[in-house]
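Q: Mind having a look at this structure? Questions to follow.
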Amino acid sequence: MIRIGEGYDVHRLVVGRPLILGGVKINFSHGLQGHSDADVLVHAICDALLGAAALGDLGAHFPDDNLIFKDISSLKLLGQVCMILDGNGFRPVNVDSTLVMELPRVADYVYAMRRNIARELKLDVIRVSVKATTTEGLGFAGRGEGIAARAVVLVDES
């Protein structure tokens, strides 16, 4: 049986934090505020995977009031999500994801993001898509206040 999951995440941009997207440190003046490394891309993928298997969401498994997860790499959380899926008889098949932001431009980082995500999911990189788009200056992303990410995944019974 195959199942589809959808995930969404958003974090505020702030001074004094590194910007991590897809497990890649991006050279930028601002980073994302959050309990972990606030990697919105990986968070959206985690939520999509958990949703496809009807296993809750990222916050249910990794609450932001637990100090164990303070500043943790979201790629580590993604690896844990894969173990949760596996323990429930599911495996990821593919990922399609989109970053929503005005700046910075991330085209030069996309392949590294895909590679990081694929490694954690134990997938070939051709099964992981990462795209980026702007909002043409509209909304919080358009004003440079934050970054959002969307993800759609397919999982199969293992």
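Every chain in the structure tokens takes a letter, A first, then B, and so on in the order presented; its residues are numbered from 1, and the ligands are numbered from 1 following the presented order.
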Would you list the contacts of A:Ala112 as a list in words, taking every protein, DNA or RNA residue within 12 Å and counting only C-alpha atoms, but skipping same-chain residues closer than 4 positions in sequence?
A: Ile20, Leu21, Gly22, Gly23, Val24, Lys25, Ile26, Val106, Ala107, Asp108, Asn116, Ile117, Ala118, Arg119, Val125, Val128, Ser129 and Val130 of chain A
Q: Restricting it to N, CA, C and O atoms, dump the selection as an mmCIF file, in the first residue's frame.
A:
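Below you can see result.cif, which holds the result:
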data_model
loop_
_atom_site.group_PDB
_atom_site.id
_atom_site.type_symbol
_atom_site.label_atom_id
_atom_site.label_comp_id
_atom_site.auth_asym_id
_atom_site.auth_seq_id
_atom_site.Cartn_x
_atom_site.Cartn_y
_atom_site.Cartn_z
ATOM 1 N N ILE A 20 20.215 27.280 8.406
ATOM 2 C CA ILE A 20 20.389 25.883 8.007
ATOM 3 C C ILE A 20 19.159 25.472 7.221
ATOM 4 O O ILE A 20 18.037 25.554 7.718
ATOM 5 N N LEU A 21 19.362 25.021 5.996
ATOM 6 C CA LEU A 21 18.272 24.533 5.145
ATOM 7 C C LEU A 21 18.711 23.220 4.510
ATOM 8 O O LEU A 21 19.767 23.169 3.880
ATOM 9 N N GLY A 22 17.925 22.192 4.697
ATOM 10 C CA GLY A 22 18.302 20.889 4.156
ATOM 11 C C GLY A 22 19.606 20.380 4.724
ATOM 12 O O GLY A 22 20.321 19.632 4.074
ATOM 13 N N GLY A 23 19.917 20.803 5.943
ATOM 14 C CA GLY A 23 21.158 20.388 6.583
ATOM 15 C C GLY A 23 22.392 21.113 6.085
ATOM 16 O O GLY A 23 23.515 20.759 6.436
ATOM 17 N N VAL A 24 22.201 22.148 5.285
ATOM 18 C CA VAL A 24 23.315 22.913 4.715
ATOM 19 C C VAL A 24 23.342 24.297 5.356
ATOM 20 O O VAL A 24 22.313 24.970 5.427
ATOM 21 N N LYS A 25 24.520 24.708 5.805
ATOM 22 C CA LYS A 25 24.665 26.060 6.341
ATOM 23 C C LYS A 25 24.767 27.027 5.161
ATOM 24 O O LYS A 25 25.657 26.935 4.324
ATOM 25 N N ILE A 26 23.822 27.972 5.123
ATOM 26 C CA ILE A 26 23.726 28.941 4.036
ATOM 27 C C ILE A 26 24.359 30.251 4.496
ATOM 28 O O ILE A 26 24.073 30.725 5.599
ATOM 29 N N VAL A 106 19.169 30.211 -3.174
ATOM 30 C CA VAL A 106 19.742 28.947 -2.692
ATOM 31 C C VAL A 106 20.094 27.963 -3.806
ATOM 32 O O VAL A 106 20.455 26.822 -3.521
ATOM 33 N N ALA A 107 20.026 28.392 -5.049
ATOM 34 C CA ALA A 107 20.272 27.473 -6.170
ATOM 35 C C ALA A 107 21.598 26.727 -6.027
ATOM 36 O O ALA A 107 21.669 25.530 -6.335
ATOM 37 N N ASP A 108 22.627 27.407 -5.547
ATOM 38 C CA ASP A 108 23.944 26.772 -5.419
ATOM 39 C C ASP A 108 24.003 25.732 -4.304
ATOM 40 O O ASP A 108 24.959 24.963 -4.222
ATOM 41 N N ASN A 116 21.854 15.477 1.361
ATOM 42 C CA ASN A 116 21.707 15.280 2.809
ATOM 43 C C ASN A 116 20.400 14.570 3.152
ATOM 44 O O ASN A 116 20.374 13.647 3.967
ATOM 45 N N ILE A 117 19.323 15.042 2.550
ATOM 46 C CA ILE A 117 18.004 14.461 2.826
ATOM 47 C C ILE A 117 17.959 13.011 2.339
ATOM 48 O O ILE A 117 17.490 12.121 3.053
ATOM 49 N N ALA A 118 18.444 12.775 1.134
ATOM 50 C CA ALA A 118 18.452 11.419 0.572
ATOM 51 C C ALA A 118 19.246 10.462 1.454
ATOM 52 O O ALA A 118 18.822 9.321 1.684
ATOM 53 N N ARG A 119 20.369 10.924 1.965
ATOM 54 C CA ARG A 119 21.200 10.072 2.827
ATOM 55 C C ARG A 119 20.427 9.636 4.069
ATOM 56 O O ARG A 119 20.422 8.462 4.432
ATOM 57 N N VAL A 125 19.487 10.059 -4.540
ATOM 58 C CA VAL A 125 19.250 11.501 -4.612
ATOM 59 C C VAL A 125 18.218 11.859 -5.689
ATOM 60 O O VAL A 125 17.519 12.872 -5.561
ATOM 61 N N VAL A 128 14.686 12.680 -4.427
ATOM 62 C CA VAL A 128 14.481 13.832 -3.537
ATOM 63 C C VAL A 128 14.553 15.116 -4.361
ATOM 64 O O VAL A 128 15.576 15.405 -4.982
ATOM 65 N N SER A 129 13.468 15.865 -4.343
ATOM 66 C CA SER A 129 13.403 17.136 -5.056
ATOM 67 C C SER A 129 13.346 18.279 -4.044
ATOM 68 O O SER A 129 12.584 18.217 -3.081
ATOM 69 N N VAL A 130 14.164 19.296 -4.265
ATOM 70 C CA VAL A 130 14.127 20.531 -3.480
ATOM 71 C C VAL A 130 14.062 21.678 -4.469
ATOM 72 O O VAL A 130 14.906 21.780 -5.365
#
Q: Would you list, as a ChimeraX atom specification, the residues of stretch 3-109 of chain A that end up in alpha helix (DSSP H) under DSSP run on this structure's backbone?
A: /A:40-52,58-61,74-87
Q: Name the closest residue to A:His30 among the candidates A:Leu154, A:Val95, A:Ile68, A:Leu103; distances are taken between atoms, counting only C-alpha atoms.
A: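 The answer is A:Leu103, which sits nearest to A:His30.
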Q: Using only C-alpha atoms, determine which residues lie at most 12 Å from A:Asp39, disregarding the query and same-chain residues fewer than 5 positions distant; provide the list as a PyMOL selection string.
A: chain A and resi 8-13+17-26+31-34+44-46+71-78+99+113+117+146-149
Q: Save the residues we just selected, N, CA and C atoms, as a JSON list (two decimals), in the first residue's frame?
A:
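Dumped to again19.json:
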[["chain", "number", "residue", "atom", "x", "y", "z"],
["A", 8, "TYR", "N", 4.21, 21.07, 6.21],
["A", 8, "TYR", "CA", 4.42, 22.51, 6.09],
["A", 8, "TYR", "C", 5.09, 22.99, 7.37],
["A", 9, "ASP", "N", 6.03, 23.91, 7.22],
["A", 9, "ASP", "CA", 6.65, 24.52, 8.39],
["A", 9, "ASP", "C", 7.06, 25.94, 8.05],
["A", 10, "VAL", "N", 7.15, 26.77, 9.08],
["A", 10, "VAL", "CA", 7.58, 28.15, 8.91],
["A", 10, "VAL", "C", 8.34, 28.57, 10.18],
["A", 11, "HIS", "N", 9.40, 29.33, 9.99],
["A", 11, "HIS", "CA", 10.15, 29.90, 11.11],
["A", 11, "HIS", "C", 10.51, 31.35, 10.78],
["A", 12, "ARG", "N", 10.61, 32.13, 11.84],
["A", 12, "ARG", "CA", 10.98, 33.55, 11.73],
["A", 12, "ARG", "C", 12.48, 33.68, 11.49],
["A", 13, "LEU", "N", 12.87, 34.63, 10.64],
["A", 13, "LEU", "CA", 14.28, 34.97, 10.45],
["A", 13, "LEU", "C", 14.72, 35.94, 11.54],
["A", 17, "ARG", "N", 21.63, 33.79, 14.45],
["A", 17, "ARG", "CA", 21.51, 32.33, 14.30],
["A", 17, "ARG", "C", 21.99, 31.96, 12.90],
["A", 18, "PRO", "N", 22.58, 30.79, 12.77],
["A", 18, "PRO", "CA", 22.96, 30.35, 11.42],
["A", 18, "PRO", "C", 21.71, 29.94, 10.64],
["A", 19, "LEU", "N", 21.77, 30.08, 9.32],
["A", 19, "LEU", "CA", 20.68, 29.65, 8.47],
["A", 19, "LEU", "C", 21.00, 28.25, 7.96],
["A", 20, "ILE", "N", 20.22, 27.28, 8.41],
["A", 20, "ILE", "CA", 20.39, 25.88, 8.01],
["A", 20, "ILE", "C", 19.16, 25.47, 7.22],
["A", 21, "LEU", "N", 19.36, 25.02, 6.00],
["A", 21, "LEU", "CA", 18.27, 24.53, 5.14],
["A", 21, "LEU", "C", 18.71, 23.22, 4.51],
["A", 22, "GLY", "N", 17.93, 22.19, 4.70],
["A", 22, "GLY", "CA", 18.30, 20.89, 4.16],
["A", 22, "GLY", "C", 19.61, 20.38, 4.72],
["A", 23, "GLY", "N", 19.92, 20.80, 5.94],
["A", 23, "GLY", "CA", 21.16, 20.39, 6.58],
["A", 23, "GLY", "C", 22.39, 21.11, 6.09],
["A", 24, "VAL", "N", 22.20, 22.15, 5.28],
["A", 24, "VAL", "CA", 23.31, 22.91, 4.71],
["A", 24, "VAL", "C", 23.34, 24.30, 5.36],
["A", 25, "LYS", "N", 24.52, 24.71, 5.80],
["A", 25, "LYS", "CA", 24.66, 26.06, 6.34],
["A", 25, "LYS", "C", 24.77, 27.03, 5.16],
["A", 26, "ILE", "N", 23.82, 27.97, 5.12],
["A", 26, "ILE", "CA", 23.73, 28.94, 4.04],
["A", 26, "ILE", "C", 24.36, 30.25, 4.50],
["A", 31, "GLY", "N", 19.34, 33.90, 10.47],
["A", 31, "GLY", "CA", 19.04, 32.48, 10.57],
["A", 31, "GLY", "C", 17.61, 32.30, 11.05],
["A", 32, "LEU", "N", 17.21, 31.06, 11.20],
["A", 32, "LEU", "CA", 15.84, 30.78, 11.61],
["A", 32, "LEU", "C", 15.75, 30.52, 13.10],
["A", 33, "GLN", "N", 14.75, 31.12, 13.72],
["A", 33, "GLN", "CA", 14.53, 30.99, 15.16],
["A", 33, "GLN", "C", 13.76, 29.69, 15.42],
["A", 34, "GLY", "N", 14.24, 28.93, 16.39],
["A", 34, "GLY", "CA", 13.56, 27.70, 16.76],
["A", 34, "GLY", "C", 14.30, 26.96, 17.84],
["A", 44, "ALA", "N", 9.39, 20.21, 7.42],
["A", 44, "ALA", "CA", 8.23, 19.94, 6.56],
["A", 44, "ALA", "C", 8.27, 18.50, 6.04],
["A", 45, "ILE", "N", 9.45, 18.03, 5.70],
["A", 45, "ILE", "CA", 9.60, 16.65, 5.22],
["A", 45, "ILE", "C", 9.26, 15.66, 6.33],
["A", 46, "CYS", "N", 9.75, 15.93, 7.54],
["A", 46, "CYS", "CA", 9.43, 15.05, 8.68],
["A", 46, "CYS", "C", 7.92, 14.98, 8.89],
["A", 71, "ASP", "N", 18.76, 22.88, 19.86],
["A", 71, "ASP", "CA", 19.79, 23.10, 18.83],
["A", 71, "ASP", "C", 20.20, 21.83, 18.07],
["A", 72, "ILE", "N", 19.41, 20.76, 18.16],
["A", 72, "ILE", "CA", 19.75, 19.52, 17.47],
["A", 72, "ILE", "C", 19.64, 19.71, 15.95],
["A", 73, "SER", "N", 20.46, 19.00, 15.22],
["A", 73, "SER", "CA", 20.37, 19.01, 13.77],
["A", 73, "SER", "C", 19.06, 18.36, 13.35],
["A", 74, "SER", "N", 18.32, 19.03, 12.52],
["A", 74, "SER", "CA", 17.06, 18.47, 12.03],
["A", 74, "SER", "C", 17.28, 17.22, 11.20],
["A", 75, "LEU", "N", 18.47, 17.08, 10.61],
["A", 75, "LEU", "CA", 18.77, 15.84, 9.90],
["A", 75, "LEU", "C", 18.77, 14.65, 10.85],
["A", 76, "LYS", "N", 19.20, 14.86, 12.10],
["A", 76, "LYS", "CA", 19.13, 13.78, 13.09],
["A", 76, "LYS", "C", 17.68, 13.44, 13.38],
["A", 77, "LEU", "N", 16.83, 14.45, 13.46],
["A", 77, "LEU", "CA", 15.40, 14.20, 13.67],
["A", 77, "LEU", "C", 14.82, 13.43, 12.48],
["A", 78, "LEU", "N", 15.24, 13.77, 11.27],
["A", 78, "LEU", "CA", 14.78, 13.06, 10.08],
["A", 78, "LEU", "C", 15.18, 11.59, 10.14],
["A", 99, "LEU", "N", 10.92, 25.41, -0.86],
["A", 99, "LEU", "CA", 11.21, 26.50, 0.06],
["A", 99, "LEU", "C", 10.52, 27.76, -0.45],
["A", 113, "MET", "N", 21.56, 19.96, -0.36],
["A", 113, "MET", "CA", 20.36, 19.69, 0.44],
["A", 113, "MET", "C", 19.75, 18.35, 0.06],
["A", 117, "ILE", "N", 19.32, 15.04, 2.55],
["A", 117, "ILE", "CA", 18.00, 14.46, 2.83],
["A", 117, "ILE", "C", 17.96, 13.01, 2.34],
["A", 146, "GLY", "N", 10.47, 35.68, 7.43],
["A", 146, "GLY", "CA", 10.60, 34.26, 7.71],
["A", 146, "GLY", "C", 10.72, 33.46, 6.44],
["A", 147, "ILE", "N", 10.87, 32.16, 6.63],
["A", 147, "ILE", "CA", 10.97, 31.21, 5.53],
["A", 147, "ILE", "C", 9.97, 30.09, 5.81],
["A", 148, "ALA", "N", 9.28, 29.67, 4.76],
["A", 148, "ALA", "CA", 8.35, 28.55, 4.86],
["A", 148, "ALA", "C", 8.84, 27.42, 3.96],
["A", 149, "ALA", "N", 8.35, 26.22, 4.24],
["A", 149, "ALA", "CA", 8.65, 25.07, 3.39],
["A", 149, "ALA", "C", 7.43, 24.17, 3.32]]
Q: Between atom CA of A:Leu123 and atom CA of A:Val100, measure the distance and give it in Å to one decimal.
A: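 Spanning atom CA of A:Leu123 to atom CA of A:Val100 is a straight-line distance of 24.1 Å.
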